[in-house]
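Everything below concerns the one structure shown next.
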Amino acid sequence: MFGLPFKDTQCGAKIFKKNAIKTIISDLVIMDFAFDINLLYSLKKRGFKIREQGVVWKHMRGSFNFSVLYWKIIPQIALSLLKLRFNF
């Protein structure tokens, strides 16, 4: 839908140059679980170079598990993605 070549857009570990964020801040219209896609898509549309770097993730026992919420958040993400797609 957005042509993003990443394996994991939802990873919370992201590093940016200050100029990139200043340039796209007004493009950010999604403030839920689809925020990362809005962020990456805006950077791509504005011509910024984006690189994906793998990280090793170790789940800590007892930490919050989003998989229990998937069926609740999937419809919300779908609506947000449609909103994002029609904003650009």
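FYI, nothing fancy with the structure tokens labels: chains A, B, ... in order, residues from 1 per chain, ligands from 1 as they appear.
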
Would you pick out the contacts of segment 35-47 of chain A at 12 Å or less, using only C-alpha atoms, so that residues sharing its chain but fewer than 2 positions from it are not included, and give the list as JSON, numbers by chain? {"A": [1, 2, 3, 4, 5, 6, 7, 8, 9, 10, 11, 12, 13, 14, 15, 16, 17, 19, 20, 21, 22, 23, 24, 25, 26, 27, 28, 29, 30, 31, 32, 33, 49, 50, 51, 52, 76, 77, 78, 80, 81, 82, 83, 84, 85, 86, 87, 88]}

I need the chosen residues saved as a compact mmCIF listing (two decimals), in the first residue's frame, with N, CA and C atoms.
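Generated file (again-v5.txt):
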# COMPACT_ATOMS: atom_id res chain seq x y z
N MET A 1 0.82 -1.20 0.00
CA MET A 1 0.00 0.00 0.00
C MET A 1 0.87 1.27 0.00
N PHE A 2 2.01 1.22 0.69
CA PHE A 2 2.87 2.39 0.79
C PHE A 2 4.26 2.19 0.18
N GLY A 3 4.54 0.97 -0.27
CA GLY A 3 5.82 0.70 -0.90
C GLY A 3 7.01 0.81 0.03
N LEU A 4 6.82 0.53 1.29
CA LEU A 4 7.93 0.57 2.24
C LEU A 4 8.63 -0.78 2.26
N PRO A 5 9.93 -0.80 2.05
CA PRO A 5 10.65 -2.07 1.91
C PRO A 5 11.16 -2.65 3.23
N PHE A 6 10.51 -2.37 4.33
CA PHE A 6 11.02 -2.79 5.63
C PHE A 6 10.38 -4.07 6.13
N LYS A 7 11.13 -4.81 6.91
CA LYS A 7 10.60 -6.04 7.51
C LYS A 7 9.76 -5.73 8.73
N ASP A 8 10.12 -4.69 9.48
CA ASP A 8 9.41 -4.38 10.71
C ASP A 8 9.26 -2.87 10.87
N THR A 9 8.14 -2.34 10.44
CA THR A 9 7.91 -0.89 10.56
C THR A 9 7.56 -0.50 11.99
N GLN A 10 7.12 -1.45 12.80
CA GLN A 10 6.65 -1.14 14.14
C GLN A 10 7.73 -1.16 15.21
N CYS A 11 8.94 -1.50 14.86
CA CYS A 11 10.03 -1.50 15.84
C CYS A 11 10.17 -0.09 16.41
N GLY A 12 10.24 0.01 17.71
CA GLY A 12 10.33 1.31 18.36
C GLY A 12 11.70 1.95 18.28
N ALA A 13 12.70 1.22 17.88
CA ALA A 13 14.06 1.76 17.81
C ALA A 13 14.27 2.44 16.46
N LYS A 14 14.24 3.76 16.48
CA LYS A 14 14.44 4.54 15.26
C LYS A 14 15.37 5.71 15.57
N ILE A 15 16.27 6.02 14.65
CA ILE A 15 17.20 7.13 14.82
C ILE A 15 17.05 8.05 13.62
N PHE A 16 16.97 9.36 13.87
CA PHE A 16 16.76 10.33 12.81
C PHE A 16 17.71 11.50 12.94
N LYS A 17 17.91 12.18 11.84
CA LYS A 17 18.58 13.47 11.86
C LYS A 17 17.52 14.52 12.17
N ASN A 19 17.00 17.46 11.08
CA ASN A 19 16.43 18.08 9.89
C ASN A 19 15.30 17.24 9.29
N ALA A 20 15.46 15.93 9.31
CA ALA A 20 14.43 15.05 8.74
C ALA A 20 13.12 15.20 9.50
N ILE A 21 13.19 15.19 10.81
CA ILE A 21 11.98 15.30 11.62
C ILE A 21 11.34 16.68 11.46
N LYS A 22 12.17 17.73 11.45
CA LYS A 22 11.63 19.09 11.26
C LYS A 22 10.89 19.20 9.93
N THR A 23 11.40 18.52 8.91
CA THR A 23 10.81 18.59 7.57
C THR A 23 9.46 17.89 7.50
N ILE A 24 9.30 16.77 8.19
CA ILE A 24 8.07 15.98 8.04
C ILE A 24 7.08 16.12 9.18
N ILE A 25 7.40 16.89 10.20
CA ILE A 25 6.53 16.95 11.38
C ILE A 25 5.09 17.32 11.02
N SER A 26 4.90 18.17 10.04
CA SER A 26 3.53 18.56 9.66
C SER A 26 2.81 17.45 8.88
N ASP A 27 3.55 16.46 8.40
CA ASP A 27 2.94 15.33 7.67
C ASP A 27 2.37 14.27 8.62
N LEU A 28 2.71 14.35 9.89
CA LEU A 28 2.31 13.30 10.83
C LEU A 28 0.88 13.53 11.30
N VAL A 29 -0.02 12.70 10.80
CA VAL A 29 -1.45 12.84 11.10
C VAL A 29 -1.99 11.65 11.88
N ILE A 30 -1.22 10.58 11.98
CA ILE A 30 -1.66 9.36 12.66
C ILE A 30 -0.98 9.29 14.03
N MET A 31 -1.77 9.14 15.07
CA MET A 31 -1.21 9.11 16.42
C MET A 31 -1.57 7.82 17.16
N ASP A 32 -1.68 6.72 16.43
CA ASP A 32 -1.96 5.44 17.06
C ASP A 32 -0.92 4.42 16.62
N PHE A 33 -1.27 3.16 16.57
CA PHE A 33 -0.30 2.12 16.23
C PHE A 33 0.25 2.23 14.81
N LYS A 49 16.78 9.40 2.80
CA LYS A 49 17.33 8.05 2.72
C LYS A 49 17.02 7.34 4.03
N ILE A 50 16.44 6.15 3.91
CA ILE A 50 16.06 5.37 5.08
C ILE A 50 16.77 4.03 5.00
N ARG A 51 17.33 3.63 6.11
CA ARG A 51 18.05 2.35 6.15
C ARG A 51 17.51 1.54 7.33
N GLU A 52 17.31 0.28 7.08
CA GLU A 52 16.86 -0.62 8.15
C GLU A 52 18.05 -1.39 8.68
N GLN A 76 -8.43 -0.71 13.98
CA GLN A 76 -7.98 0.67 14.18
C GLN A 76 -6.81 0.99 13.25
N ILE A 77 -5.86 0.08 13.13
CA ILE A 77 -4.72 0.29 12.24
C ILE A 77 -5.19 0.37 10.80
N ALA A 78 -6.10 -0.50 10.41
CA ALA A 78 -6.61 -0.49 9.04
C ALA A 78 -7.26 0.85 8.70
N SER A 80 -6.66 3.73 10.15
CA SER A 80 -5.60 4.74 10.14
C SER A 80 -4.80 4.69 8.85
N LEU A 81 -4.52 3.49 8.35
CA LEU A 81 -3.78 3.36 7.10
C LEU A 81 -4.57 3.92 5.92
N LEU A 82 -5.87 3.69 5.92
CA LEU A 82 -6.72 4.27 4.86
C LEU A 82 -6.69 5.80 4.95
N LYS A 83 -6.80 6.32 6.16
CA LYS A 83 -6.73 7.76 6.37
C LYS A 83 -5.40 8.30 5.86
N LEU A 84 -4.32 7.64 6.20
CA LEU A 84 -2.99 8.07 5.76
C LEU A 84 -2.87 8.02 4.24
N ARG A 85 -3.34 6.95 3.65
CA ARG A 85 -3.22 6.78 2.20
C ARG A 85 -3.95 7.89 1.46
N PHE A 86 -5.11 8.31 1.96
CA PHE A 86 -5.89 9.34 1.28
C PHE A 86 -5.46 10.76 1.64
N ASN A 87 -4.58 10.90 2.64
CA ASN A 87 -4.03 12.21 2.98
C ASN A 87 -2.90 12.61 2.05
N PHE A 88 -2.24 11.63 1.42
CA PHE A 88 -1.09 11.93 0.56
C PHE A 88 -1.48 11.88 -0.90

Per-residue DSSP, chain A, filtered to alpha helix (DSSP H), as a ChimeraX atom specification: /A:18-24,35-45,70-87

Export of prior selection with N, CA and C atoms as an mmCIF file, in the first residue's frame:
data_model
loop_
_atom_site.group_PDB
_atom_site.id
_atom_site.type_symbol
_atom_site.label_atom_id
_atom_site.label_comp_id
_atom_site.auth_asym_id
_atom_site.auth_seq_id
_atom_site.Cartn_x
_atom_site.Cartn_y
_atom_site.Cartn_z
ATOM 1 N N LYS A 18 17.909 15.520 12.922
ATOM 2 C CA LYS A 18 16.987 16.577 13.340
ATOM 3 C C LYS A 18 16.273 17.219 12.142
ATOM 4 N N ASN A 19 16.998 17.461 11.077
ATOM 5 C CA ASN A 19 16.432 18.080 9.891
ATOM 6 C C ASN A 19 15.300 17.242 9.288
ATOM 7 N N ALA A 20 15.458 15.931 9.305
ATOM 8 C CA ALA A 20 14.429 15.051 8.740
ATOM 9 C C ALA A 20 13.117 15.204 9.503
ATOM 10 N N ILE A 21 13.190 15.187 10.806
ATOM 11 C CA ILE A 21 11.976 15.303 11.621
ATOM 12 C C ILE A 21 11.344 16.683 11.461
ATOM 13 N N LYS A 22 12.169 17.728 11.448
ATOM 14 C CA LYS A 22 11.630 19.087 11.258
ATOM 15 C C LYS A 22 10.894 19.197 9.927
ATOM 16 N N THR A 23 11.403 18.516 8.908
ATOM 17 C CA THR A 23 10.806 18.588 7.573
ATOM 18 C C THR A 23 9.457 17.890 7.503
ATOM 19 N N ILE A 24 9.304 16.771 8.193
ATOM 20 C CA ILE A 24 8.075 15.975 8.038
ATOM 21 C C ILE A 24 7.077 16.123 9.178
ATOM 22 N N PHE A 35 1.343 5.011 13.568
ATOM 23 C CA PHE A 35 2.222 6.181 13.566
ATOM 24 C C PHE A 35 3.550 5.906 12.856
ATOM 25 N N ASP A 36 4.136 4.745 13.111
ATOM 26 C CA ASP A 36 5.432 4.404 12.514
ATOM 27 C C ASP A 36 5.365 4.386 10.987
ATOM 28 N N ILE A 37 4.270 3.897 10.455
ATOM 29 C CA ILE A 37 4.109 3.849 9.006
ATOM 30 C C ILE A 37 3.965 5.265 8.461
ATOM 31 N N ASN A 38 3.207 6.103 9.153
ATOM 32 C CA ASN A 38 3.084 7.513 8.769
ATOM 33 C C ASN A 38 4.466 8.177 8.746
ATOM 34 N N LEU A 39 5.237 7.941 9.761
ATOM 35 C CA LEU A 39 6.580 8.512 9.879
ATOM 36 C C LEU A 39 7.490 8.061 8.733
ATOM 37 N N LEU A 40 7.578 6.769 8.519
ATOM 38 C CA LEU A 40 8.458 6.232 7.476
ATOM 39 C C LEU A 40 7.986 6.619 6.077
ATOM 40 N N TYR A 41 6.690 6.583 5.858
ATOM 41 C CA TYR A 41 6.148 6.944 4.546
ATOM 42 C C TYR A 41 6.421 8.426 4.245
ATOM 43 N N SER A 42 6.262 9.284 5.237
ATOM 44 C CA SER A 42 6.531 10.711 5.053
ATOM 45 C C SER A 42 7.994 10.954 4.715
ATOM 46 N N LEU A 43 8.892 10.270 5.413
ATOM 47 C CA LEU A 43 10.320 10.403 5.119
ATOM 48 C C LEU A 43 10.624 9.963 3.691
ATOM 49 N N LYS A 44 10.008 8.851 3.287
ATOM 50 C CA LYS A 44 10.216 8.342 1.921
ATOM 51 C C LYS A 44 9.697 9.342 0.885
ATOM 52 N N LYS A 45 8.485 9.839 1.088
ATOM 53 C CA LYS A 45 7.875 10.776 0.138
ATOM 54 C C LYS A 45 8.683 12.074 0.011
ATOM 55 N N TYR A 70 -4.139 -7.866 19.403
ATOM 56 C CA TYR A 70 -4.155 -7.789 17.944
ATOM 57 C C TYR A 70 -5.550 -7.659 17.368
ATOM 58 N N TRP A 71 -6.498 -8.450 17.817
ATOM 59 C CA TRP A 71 -7.838 -8.405 17.242
ATOM 60 C C TRP A 71 -8.555 -7.114 17.570
ATOM 61 N N LYS A 72 -8.112 -6.426 18.608
ATOM 62 C CA LYS A 72 -8.722 -5.135 18.931
ATOM 63 C C LYS A 72 -8.077 -3.989 18.150
ATOM 64 N N ILE A 73 -6.769 -4.084 17.899
ATOM 65 C CA ILE A 73 -6.084 -2.961 17.257
ATOM 66 C C ILE A 73 -6.013 -3.064 15.737
ATOM 67 N N ILE A 74 -6.192 -4.252 15.180
ATOM 68 C CA ILE A 74 -6.108 -4.403 13.723
ATOM 69 C C ILE A 74 -7.127 -3.516 13.002
ATOM 70 N N PRO A 75 -8.410 -3.478 13.405
ATOM 71 C CA PRO A 75 -9.353 -2.584 12.715
ATOM 72 C C PRO A 75 -8.936 -1.109 12.829
ATOM 73 N N GLN A 76 -8.425 -0.711 13.984
ATOM 74 C CA GLN A 76 -7.982 0.667 14.185
ATOM 75 C C GLN A 76 -6.814 0.995 13.252
ATOM 76 N N ILE A 77 -5.860 0.080 13.134
ATOM 77 C CA ILE A 77 -4.721 0.285 12.243
ATOM 78 C C ILE A 77 -5.190 0.369 10.799
ATOM 79 N N ALA A 78 -6.096 -0.502 10.409
ATOM 80 C CA ALA A 78 -6.610 -0.494 9.035
ATOM 81 C C ALA A 78 -7.257 0.851 8.699
ATOM 82 N N LEU A 79 -8.072 1.376 9.593
ATOM 83 C CA LEU A 79 -8.697 2.680 9.361
ATOM 84 C C LEU A 79 -7.655 3.797 9.290
ATOM 85 N N SER A 80 -6.658 3.729 10.153
ATOM 86 C CA SER A 80 -5.601 4.742 10.142
ATOM 87 C C SER A 80 -4.797 4.691 8.854
ATOM 88 N N LEU A 81 -4.525 3.493 8.354
ATOM 89 C CA LEU A 81 -3.777 3.359 7.104
ATOM 90 C C LEU A 81 -4.569 3.919 5.918
ATOM 91 N N LEU A 82 -5.873 3.690 5.916
ATOM 92 C CA LEU A 82 -6.716 4.273 4.861
ATOM 93 C C LEU A 82 -6.695 5.801 4.945
ATOM 94 N N LYS A 83 -6.798 6.318 6.163
ATOM 95 C CA LYS A 83 -6.733 7.760 6.370
ATOM 96 C C LYS A 83 -5.396 8.303 5.863
ATOM 97 N N LEU A 84 -4.320 7.640 6.196
ATOM 98 C CA LEU A 84 -2.993 8.069 5.760
ATOM 99 C C LEU A 84 -2.872 8.021 4.244
ATOM 100 N N ARG A 85 -3.336 6.946 3.654
ATOM 101 C CA ARG A 85 -3.221 6.783 2.203
ATOM 102 C C ARG A 85 -3.953 7.893 1.456
ATOM 103 N N PHE A 86 -5.112 8.309 1.961
ATOM 104 C CA PHE A 86 -5.889 9.337 1.275
ATOM 105 C C PHE A 86 -5.461 10.755 1.642
ATOM 106 N N ASN A 87 -4.585 10.897 2.642
ATOM 107 C CA ASN A 87 -4.034 12.211 2.981
ATOM 108 C C ASN A 87 -2.904 12.611 2.050
#
